[in-house]
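What follows is a single structure, written as structure tokens, with notes after it.
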Amino acid sequence: MNHDRLRNTYFDLIGINSISGNEREIASYLGDRLSSIGLDVHFSEMENIGPSIYAQLNGQNDGPTILMIGHMDTVAVMDGWNTDPFTPIIDGDKVYGLGACDMKGGLASILETIATIVEENILLNGNIKIAFVSDEEVLSRGTYKLIQDGLKADMAIMAECRFQEAAIGFRGRYSINVTVNGQTGHASQYPFVGESAIISASRLAIEIENLPTINHPQMGGGTWCIRHIQGGIKSTLNIPDKCEIFVDRYVTPEETFESCRDQILDAAKRLGMGGKVIVELVPREIPYLEAFEIPRDHSMVTTLQKKYKDITGENLSVGYDRSVCDSNFLANIGNIPTVTFGPSGENLHRSNEFGYLSQVEKSTLIYIETIKDLLG
Ligand SMILES: [Zn+2]
């Protein structure tokens with residue numbers, strides 16, 4: 001591993017504006033770097049979105065394929081930066097800049113891992129795939145397209161910013177639209193005539209937030225959050241005949257949209273609204289990110305833990321994430337067991353984001369040793 005090169009790559013990446021939708025420049029930078037290592041680089045183009053890139057390092061012998069993946073995009077520049085977000089500012093071990101934590105350190109580590117394996121002629125009984133994707137901070141369309149186009153691997157390291165704890169499971173989430181129907185009529189005759197959909201929906205909304213979720217022993221439970229409610233007619237003297245509730249639902253691995261839908265319909269029935277309520281997924285351009293977990297004793301998990309201990313002297317615990325990321329698509333749609341682990345920092349998605357240079361270096365060493373072990 002070349003420390004200076006790794007540091008320079010990390011700084012170069014922070015210096016490139018790659019706010020979601022604007023990934024072309026960073027994709028060509030990373031593409032050039034992979035080409036200079038000797039790999040064939042493929043661009044995955046999408047309309048109105050930045051490209052993703054992918055490449056493969058073929059081993060000398062057959063064996064499993066490991067995917068190393070990270071997203072190139074960052075969120076926008078938030079208010080409150082004390083320094084230029086596109087100029088890396090070094091303060092001891094901290095490096096300030098947009099993406100310094102989420103997740104340009106991870107990208108630099110992947111690149112240095114591949115460069116080191118090639119330069120040191122490390123024997124691989126298997127292959128390494130590399131994917132640098134766009135749009136993770138928006139809809140995960142970059143990763144989704146790669147999977148749709150046939151991306152396959154036996155296991156994956158998602159180099160997202162989690163250093164103290166590797167994530168082996170994520171919750172999933174759905175946006176659910178609940179339509180409550182009432183009966184309209186002249187407002188002057190209410191409540192002797194008609195049935196207010198707004199009142200019914202309000203009662204149902206309270207019931208929904210009180211619904212149970214399936215508890216996962218480590219991940220905890222799901223979430224019911226009413227995020228928006230809308231109904232009624234302002235312009236004429238009518239009793240509201242329709243009201244829509246927008247429900248944000250985080251789920252654990254045993255929960256599906258169908259189970260959530262049934263819970264809402266049962267609640268409606270208990271409130272005497274059977275047959276008046278429609279529950280649908282809010283249409284989304286690509287599928288929802290569903291919950292998943294991989295076994296704690298998967299070789300990818302145990303090998304990362306072993307190498308982490310060798311390199312840092314500390315134990316790497318495994319954990320579960322309460323939100324969603326590209327790992328959900330890799331695990332659920334791509335069927336690729338995925339561990340999320342990489343250099344981290346603080347203030348992600350906020351001003352004055354920073355990463356720890358020492359974690360970028362240690363992650364690289366851990367990746368190299370993990371690959372040597374799994375493909376050795
Ligand atoms: Zn990220």
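Quick note on naming: the chains in the structure tokens go A, B, ... in the order shown, residues restart at 1 in each chain, and ligands are numbered from 1 in order of appearance.
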Could you list the protein, DNA and RNA residues that have any atom within 8 Å of ligand 1, counting only C-alpha atoms and all ligand atoms, and write them as a CSV table (one decimal) with N, CA and C atoms, in the first residue's frame?
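Now in selection-v8.csv:
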chain,number,residue,atom,x,y,z
A,70,GLY,N,-18.8,1.4,-4.0
A,70,GLY,CA,-19.1,2.6,-3.2
A,70,GLY,C,-19.8,3.6,-4.1
A,71,HIS,N,-20.5,4.6,-3.5
A,71,HIS,CA,-21.1,5.6,-4.3
A,71,HIS,C,-20.3,6.8,-4.5
A,74,THR,N,-22.4,12.8,-3.6
A,74,THR,CA,-22.6,13.4,-2.3
A,74,THR,C,-23.9,14.2,-2.3
A,102,ASP,N,-18.6,10.7,3.8
A,102,ASP,CA,-19.7,9.9,3.1
A,102,ASP,C,-19.5,10.2,1.6
A,103,MET,N,-18.7,9.4,0.8
A,103,MET,CA,-17.9,8.3,1.2
A,103,MET,C,-16.6,8.3,0.3
A,136,GLU,N,-26.7,7.4,-5.3
A,136,GLU,CA,-27.1,6.7,-4.1
A,136,GLU,C,-27.8,7.6,-3.1
A,137,GLU,N,-27.5,8.9,-3.1
A,137,GLU,CA,-28.1,9.8,-2.2
A,137,GLU,C,-29.5,10.2,-2.7
A,160,GLU,N,-19.1,2.0,2.6
A,160,GLU,CA,-19.8,3.1,3.2
A,160,GLU,C,-19.1,3.4,4.6
A,161,CYS,N,-19.4,4.6,5.1
A,161,CYS,CA,-18.7,5.1,6.3
A,161,CYS,C,-19.3,4.5,7.6
A,325,CYS,N,-29.7,1.8,2.3
A,325,CYS,CA,-28.7,2.3,1.4
A,325,CYS,C,-28.6,1.3,0.2
Determine, counting only C-alpha atoms, which protein, DNA and RNA residues have an atom within 9 Å of an atom of region 80-83 of chain A; residues of the same chain fewer than 5 positions away are not included. Present the result as a PyMOL selection string.
chain A and resi 88-89+96-97+350-353
Env of Leu374 (chain A): 8 Å cut, atoms = only C-alpha atoms, seq-sep filter 2 positions within chain, self excluded. Answer as number ranges by chain.
A: 299-300, 303, 370-372, 376
Go ahead and dump the residues you just picked, C-alpha atoms, as a compact mmCIF listing (two decimals), in the first residue's frame.
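Here's the written file again.txt:
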# COMPACT_ATOMS: atom_id res chain seq x y z
CA SER A 299 -16.98 -15.77 5.88
CA MET A 300 -16.94 -12.14 4.72
CA THR A 303 -12.71 -12.46 7.95
CA THR A 370 -9.49 -9.68 3.84
CA ILE A 371 -9.22 -10.29 0.10
CA LYS A 372 -5.91 -12.13 0.50
CA GLY A 376 -5.93 -16.82 -1.09
Report the residues of region 179-236 of chain A whose backbone DSSP state falls under strand (DSSP E or B), written as a ChimeraX atom specification.
/A:179-181,183,186,195,216,220,223-231
Those residues with C-alpha atoms, as an mmCIF file, in the first residue's frame please?
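As a result, out-v8.cif now contains:
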data_model
loop_
_atom_site.group_PDB
_atom_site.id
_atom_site.type_symbol
_atom_site.label_atom_id
_atom_site.label_comp_id
_atom_site.auth_asym_id
_atom_site.auth_seq_id
_atom_site.Cartn_x
_atom_site.Cartn_y
_atom_site.Cartn_z
ATOM 1 C CA THR A 179 -57.228 6.406 0.795
ATOM 2 C CA VAL A 180 -60.197 6.738 3.134
ATOM 3 C CA ASN A 181 -63.595 7.142 1.512
ATOM 4 C CA GLN A 183 -69.916 10.048 1.920
ATOM 5 C CA HIS A 186 -74.545 19.296 1.818
ATOM 6 C CA GLU A 195 -69.758 10.700 6.538
ATOM 7 C CA HIS A 216 -35.872 -7.926 15.341
ATOM 8 C CA GLY A 220 -35.296 -3.238 16.904
ATOM 9 C CA THR A 223 -41.662 2.522 12.340
ATOM 10 C CA TRP A 224 -45.071 3.896 11.458
ATOM 11 C CA CYS A 225 -44.922 7.605 10.693
ATOM 12 C CA ILE A 226 -47.836 9.593 9.267
ATOM 13 C CA ARG A 227 -46.024 12.161 7.136
ATOM 14 C CA HIS A 228 -48.876 13.865 5.287
ATOM 15 C CA ILE A 229 -52.641 13.964 5.297
ATOM 16 C CA GLN A 230 -54.934 15.658 2.806
ATOM 17 C CA GLY A 231 -58.630 15.667 2.002
#
Please, which residues in region 250-368 of chain A fall within 12 Å of region 111-126 of chain A when counting only C-alpha atoms, and what is the closest atom pair and distance in Å to one decimal for each, ordered by chain then residue number, as a tab-separated table?
residue	atom	partner	partner_atom	distance
A:Val360	CA	A:Glu112	CA	10.0
A:Glu361	CA	A:Glu112	CA	9.4
A:Lys362	CA	A:Thr113	CA	11.1
A:Ser363	CA	A:Thr113	CA	9.3
A:Thr364	CA	A:Thr113	CA	5.8
A:Leu365	CA	A:Thr113	CA	7.6
A:Ile366	CA	A:Thr113	CA	9.2
A:Tyr367	CA	A:Thr113	CA	6.6
A:Ile368	CA	A:Thr113	CA	5.6
Dump C-alpha atoms for the selected residues as a compact mmCIF listing (two decimals), in the first residue's frame?
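Listing of part_18.txt after writing:
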# COMPACT_ATOMS: atom_id res chain seq x y z
CA VAL A 360 -8.90 5.46 5.32
CA GLU A 361 -5.45 3.89 5.72
CA LYS A 362 -6.58 1.16 8.11
CA SER A 363 -9.63 0.30 5.98
CA THR A 364 -7.37 -0.16 2.97
CA LEU A 365 -5.11 -2.54 4.89
CA ILE A 366 -8.15 -4.42 6.21
CA TYR A 367 -9.60 -4.73 2.67
CA ILE A 368 -6.31 -6.01 1.25
Residue set, region 114-273 of chain A restricted to alpha helix (DSSP H), as a ChimeraX atom specification
/A:114-119,141-148,197-209,257-270
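Pairwise distance (CA of Gly105 (chain A), CA of Gln148 (chain A)) equals 27.1 Å.
Among the candidates A:Gly169, A:Gly355, A:Gly15, A:Gly21, the residue lying nearest to Pro337 (chain A) is A:Gly169 (atoms considered: only C-alpha atoms).
Of the listed residues (A:Ser175, A:Ala267, A:Asp135, A:Asn315), A:Ser175 comes nearest to Arg284 (chain A); the distances count only C-alpha atoms.
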Would you mind telling me which residue in A:Ser200, A:Ser52, A:Ser35, A:Ser235 lies nearest to Lys145 (chain A) when using only C-alpha atoms?
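Ranked by minimum distance to Lys145 (chain A), first place goes to A:Ser52.
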Need the shell around region 260-262 of chain A: protein/DNA/RNA residues with any atom at most 9 Å away, counting only C-alpha atoms. Skip same-chain ones fewer than 2 positions apart. Format as number ranges by chain?
A: 176, 213, 249, 251, 255-258, 264-267, 279-281
Could you take the residues named above and write them with N, CA and C atoms, as a compact mmCIF listing (two decimals), in the first residue's frame?
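In the end it all went to result.txt:
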# COMPACT_ATOMS: atom_id res chain seq x y z
N ILE A 176 -46.45 4.48 1.82
CA ILE A 176 -47.75 3.85 1.63
C ILE A 176 -48.83 4.93 1.57
N THR A 213 -45.13 -3.55 15.35
CA THR A 213 -44.24 -3.97 14.26
C THR A 213 -43.52 -5.23 14.75
N ARG A 249 -43.10 3.99 6.31
CA ARG A 249 -43.00 2.75 7.09
C ARG A 249 -41.62 2.14 6.94
N VAL A 251 -39.34 -1.04 7.90
CA VAL A 251 -39.68 -2.43 8.23
C VAL A 251 -38.45 -3.24 8.61
N GLU A 255 -41.02 -8.23 7.76
CA GLU A 255 -42.19 -7.45 7.34
C GLU A 255 -42.12 -7.14 5.84
N THR A 256 -43.29 -7.17 5.20
CA THR A 256 -43.36 -6.87 3.77
C THR A 256 -44.44 -5.81 3.57
N PHE A 257 -44.54 -5.30 2.35
CA PHE A 257 -45.63 -4.35 2.09
C PHE A 257 -46.97 -5.02 2.35
N GLU A 258 -47.10 -6.28 1.94
CA GLU A 258 -48.38 -6.99 2.11
C GLU A 258 -48.75 -7.09 3.59
N ILE A 264 -53.06 -2.40 8.22
CA ILE A 264 -53.87 -1.17 8.10
C ILE A 264 -55.33 -1.55 7.81
N LEU A 265 -55.53 -2.54 6.94
CA LEU A 265 -56.91 -2.93 6.60
C LEU A 265 -57.62 -3.52 7.82
N ASP A 266 -56.89 -4.28 8.63
CA ASP A 266 -57.50 -4.83 9.86
C ASP A 266 -57.88 -3.71 10.82
N ALA A 267 -56.99 -2.72 10.92
CA ALA A 267 -57.28 -1.58 11.81
C ALA A 267 -58.54 -0.86 11.33
N VAL A 279 -55.37 0.65 0.42
CA VAL A 279 -53.97 0.79 0.82
C VAL A 279 -53.09 0.44 -0.37
N GLU A 280 -52.23 1.38 -0.79
CA GLU A 280 -51.38 1.13 -1.96
C GLU A 280 -49.96 1.63 -1.70
N LEU A 281 -49.00 1.01 -2.38
CA LEU A 281 -47.64 1.55 -2.36
C LEU A 281 -47.63 2.82 -3.20
Ranking A:Leu39, A:Leu348, A:Leu289, A:Leu30 by minimum distance to Gly334 (chain A) and counting only C-alpha atoms, which one comes first?
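Ranking A:Leu39, A:Leu348, A:Leu289, A:Leu30 by distance to Gly334 (chain A), first place goes to A:Leu289.
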Of the listed residues A:Val95, A:Ser358, A:Met68, A:Gln60, that which approaches Thr312 (chain A) most closely, counting only C-alpha atoms:
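With only C-alpha atoms as the atom set, the closest residue is A:Ser358.
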Near Ala201 (chain A), counting only C-alpha atoms, which residues have an atom at most 12 Å away, once you skip same-chain residues fewer than 2 positions from it, shown as a ChimeraX atom specification?
/A:177-182,195-199,203-208,226,228-232,240-247,264,267-268,271-273,276-278
Counting only C-alpha atoms, which of A:Phe341, A:Ile239, A:Gly221, A:Lys269 gets nearest to Glu254 (chain A)?
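Result for the nearest residue to Glu254 (chain A): A:Gly221.
Going from CA of Ala153 (chain A) over to CA of Ser134 (chain A), you cover 19.2 Å.
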One-decimal distance in Å that lies between CA of Tyr308 (chain A) and CA of Asn328 (chain A):
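Value for the CA of Asn328 (chain A)-CA of Tyr308 (chain A) distance: 23.7 Å.
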